Structure formats: C-alpha cells, structure tokens
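Undergrad: Questions regarding the structure given below will be posed in turn.
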Amino acid sequence: MTTKRYLKFTVQESDKKILRKFLVQKKFSNSQLSNLKNNDGMIFVNHKLRHFDFKLKTGDQMLIVMGEETPSDLIKPMEGQLDVVFEDKYFLVINKPPGIASLPAKARTSKTMANIVKYYLQQKGENGTIHLVTRLDRDTSGLMVFAKNSYAHSMLDQILHGDHFQKYYLAIVYGQVSPSEGKVDLPIGIDPDEFYKRVIDYEKGKQSQTLYRTVETFSDASMIKLKLLTGRTHQIRVHMKAIGHPIIGDFMYTKHAEPLINRQALHCTELKIVHPVTNETLDLTASLPQDMTDLCQKLRG
C-alpha cells in the first residue's frame with residue numbers, strides 16, 4: 001500500500017528564492033530531494049508544476065506532493081492495544097506499556113510497538129512506513145514518537161537532542177539520593193564483556209549527560225525525575241548505577257531479583273516538543289503506570 005503525502009508552504013521575505021535552496025532551507029535532506037525527483041514527487045507553485053531551478057517570489061503558495069513511500073515487509077502489521085497521546089498528519093506519540101519491545105529483533109517475530117503502529121496506520125488508510133523517532137527498552141514504559149513520513153522524521157531528528165525536544169523520565173531508585181538534584185556527566189560505552197550492556201568508559205565512551213531531581217523520598221529509596229541531555233543506550237540505567245543508586249527492578253545492572261516489581265521502575269513521563277512544522281509547543285504527558293504506582297505504595301509502607 002502506498003499513499004501520497006502533501007506539504008504546504010508560503011514563501012516568506014527571508015526565504016531562499018531558488019526552489020531547491022528553499023527546500024534545503026526547510027530541512028529537506030538530499031535523499032528526500034532525490035525521492036521528490038525520482039519517485040513521482042511534484043512541486044506546484046501557485047497551482048503550476050515547477051522544477052528545482054524555479055525562481056520564487058515572496059507570497060508564492062507552494063504545494064509539495066511527496067514521492068511514494070512503500071512500507072517495508074520486514075515489519076508485519078499486528079493488531080494490538082495502542083494508547084495514543086498525540087497524533088497529527090506528521091507524527092504519532094503513544095504511551096508504551098512495559099514488557100513489549102519498540103522494534104522487532106532480526107531473529108524474532110513477536111509483536112512489538114512498531115508492528116502495532118503499522119497495523120493502526122494501515123487501518124486508518126495511512127501509509128504504514130515505520131519511522132521510529134524515539135525508542136524505549138522492552139521493560140521501560142512511557143512516551144514514544146513515530147514520524148509518519150521521512151520528511152517529518154528528518155525534522156524531528158534534527159531537534160531530537162536540543163531545547164525543542166525535551167524528554168523527562170520518572171525512576172524509582174535504591175537509596176536516598178544525595179545531593180537531591182544534580183547532573184550526571186559520565187561517558188558511556190559498550191561493555192567489552194557483554195555487548196548488549198553499557199558501562200562508564202572514560203577512554204572510548206561518548207559524552208553522556210543526565211539531569212535529575214528527587215521528587216519523593218522513601219525510607220531506603222527515591223523517586224527521581226530525570227531529563228536527558230544526550231540519548232545514549234541505557235543512559236539513565238547506567239548513570240543511576242554509576243552514582244550508587246541503580247533503578248529498582250533493573251536486573252541487568254544489579255543482578256538482584258526484586259520481589260516488589262518485575263521490571264526496571266523507569267517511565268518516560270513527559271515530552272516537550274516544539275512542533276518542527278507548525279511551531280506549536282506540545283507538552284505531552286503519560287501518568288505513572290500501575291506497577292510503579294503500586295511500588296510507591298509499598299515503599300510508603
């Protein structure tokens with residue numbers, strides 16, 4: 001199934017006036033320009049079909065018919081529950097439950113959020129091409145973002161680690177964190193003994209920064225709110241372990257079976273996004289899931 005995508009622009013005084021340069025200014029990548037040219041894309045200026053070298057004027061109305069995107073057969077559509085937090089024609093934000101992966105592993109055919117999103121989009125008659133913008137570990141819950149086309153994906157990627165795309169998590173960790181707020185700035189690299197794990201690595205690791213603030217203290221645990229300044233694999237889990245406060249239930253990094261919860265108590269609770277196309281400011285939230293709510297109640301005694 002293939003579907004057309006449309007974008008509309010009004011040329012402003014400050015915009016580039018050669019059509020190709022205008023599109024580059026609007027964050028079209030080389031591959032998207034190529035897709036426009038080679039996959040039945042079309043550009044209309046004031047209702048007339050134009051080419052990349054066309055000279056624009058302030059006030060011109062542009063309609064771009066994006067080239068075809070054919071969904072990959074590698075991700076099969078699968079019916080499932082989907083908690084939609086935000087949706088427009090550019091992207092989709094969902095609240096992921098714990099216990100389900102974001103994307104299929106190469107050797108697995110089990111249901112993932114990507115399979116469910118593809119089914120959801122196709123049922124609505126939309127293109128089912130999967131553009132995953134943010135992913136969560138299998139046992140981390142909360143907000144995830146899928147773009148609906150390559151242009152929106154590219155636009156979101158460009159703001160992903162800046163002030164226009166802020167990600168906040170809630171975690172319940174062992175011990176009372178001191179100081180109660182601060183920044184963890186420790187480089188993260190791949191564990192040389194177990195490739196799927198991450199470690200603090202001062203020689204080969206990439207710069208990784210996490211802000212944290214304690215929001216509730218228990219007798220021997222804390223709930224903290226975290227803001228990611230970088231986006232490394234397992235960043236929060238590794239940073240919390242590094243400062244002596246691993247996440248409760250995180251067996252991979254503690255090797256301790258936790259009777260109070262059967263997964264790491266980590267939840268992506270808030271996204272603050274300046275919409276890269278409409279410039280609307282979105283403040284999207286997902287409340288604490290039941291298992292983490294229950295854990296708080298147990299810790300309160």
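Note on naming: chains are A, B, ... as they come in the structure tokens, residues start from 1 per chain, ligands start from 1 in the order shown.
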Give the alpha helix (DSSP H) residues of range 38-115 of chain A, as DSSP finds them on the backbone, and put them as a list in words.
TA: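 Going through range 38-115 of chain A, the alpha helix (DSSP H) residues come out as Asn38, Met113, Ala114 and Asn115 of chain A.
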Undergrad: Include N, CA and C atoms and write out the residues we just selected as an mmCIF file, in the first residue's frame.
TA:
```cif
data_model
loop_
_atom_site.group_PDB
_atom_site.id
_atom_site.type_symbol
_atom_site.label_atom_id
_atom_site.label_comp_id
_atom_site.auth_asym_id
_atom_site.auth_seq_id
_atom_site.Cartn_x
_atom_site.Cartn_y
_atom_site.Cartn_z
ATOM 1 N N ASN A 38 12.624 11.461 -8.160
ATOM 2 C CA ASN A 38 12.645 10.156 -8.829
ATOM 3 C C ASN A 38 11.457 9.250 -8.513
ATOM 4 N N MET A 113 5.923 -2.656 19.375
ATOM 5 C CA MET A 113 5.156 -1.424 19.159
ATOM 6 C C MET A 113 5.141 -1.038 17.683
ATOM 7 N N ALA A 114 6.229 -1.299 16.964
ATOM 8 C CA ALA A 114 6.279 -0.971 15.534
ATOM 9 C C ALA A 114 5.231 -1.758 14.752
ATOM 10 N N ASN A 115 5.062 -3.042 15.082
ATOM 11 C CA ASN A 115 4.041 -3.862 14.405
ATOM 12 C C ASN A 115 2.639 -3.321 14.662
#
```
Undergrad: List the spatial neighbours of Tyr151 in chain A as a ChimeraX atom specification - criterion: any atom at most 9 Å away, only C-alpha atoms, same-chain residues fewer than 3 positions off excluded.
TA: /A:27-29,32,66,90,147-148,154-156
Undergrad: Show me, as a VMD selection string, the residues that have an atom within 10 Å of range 187-199 of chain A when counting only C-alpha atoms, minus same-chain residues fewer than 5 positions from it.
TA: chain A and resid 204 to 209 232 to 235 237 to 239 241 to 242 252 to 253
Undergrad: Selected residues, C-alpha atoms, written as an mmCIF file, in the first residue's frame, please.
TA:
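Writing the result to part-v4.cif gives the following:
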```cif
data_model
loop_
_atom_site.group_PDB
_atom_site.id
_atom_site.type_symbol
_atom_site.label_atom_id
_atom_site.label_comp_id
_atom_site.auth_asym_id
_atom_site.auth_seq_id
_atom_site.Cartn_x
_atom_site.Cartn_y
_atom_site.Cartn_z
ATOM 1 C CA LYS A 204 36.166 5.178 24.442
ATOM 2 C CA GLY A 205 32.800 6.277 25.830
ATOM 3 C CA LYS A 206 30.621 9.017 24.354
ATOM 4 C CA GLN A 207 29.752 12.106 26.371
ATOM 5 C CA SER A 208 26.511 11.463 28.253
ATOM 6 C CA GLN A 209 24.618 13.909 30.466
ATOM 7 C CA ARG A 232 22.744 7.009 24.795
ATOM 8 C CA THR A 233 21.531 3.423 25.046
ATOM 9 C CA HIS A 234 20.591 2.581 28.681
ATOM 10 C CA GLN A 235 21.792 6.075 29.691
ATOM 11 C CA ARG A 237 20.134 2.965 33.941
ATOM 12 C CA VAL A 238 23.928 3.221 33.652
ATOM 13 C CA HIS A 239 24.148 6.718 35.174
ATOM 14 C CA LYS A 241 24.090 2.730 38.845
ATOM 15 C CA ALA A 242 27.259 4.815 38.496
ATOM 16 C CA MET A 252 20.551 -6.383 34.088
ATOM 17 C CA TYR A 253 22.517 -3.790 36.043
#
```
Undergrad: Within 12 Å of Glu270 in chain A, counting only C-alpha atoms, which residues qualify if same-chain residues fewer than 3 places away don't, as a ChimeraX atom specification?
TA: /A:85,93-95,141-145,165-170,225-228,267,273,282-288
Undergrad: Going by DSSP on the backbone, which bits of range 78-285 of chain A are strand (DSSP E)? Write them as an MDAnalysis selection string, please.
TA: chainID A and resid 84:87 91:96 131:132 141:147 165:174 181:185 188:190 198:200 209:217 221:228 266:274 281:285
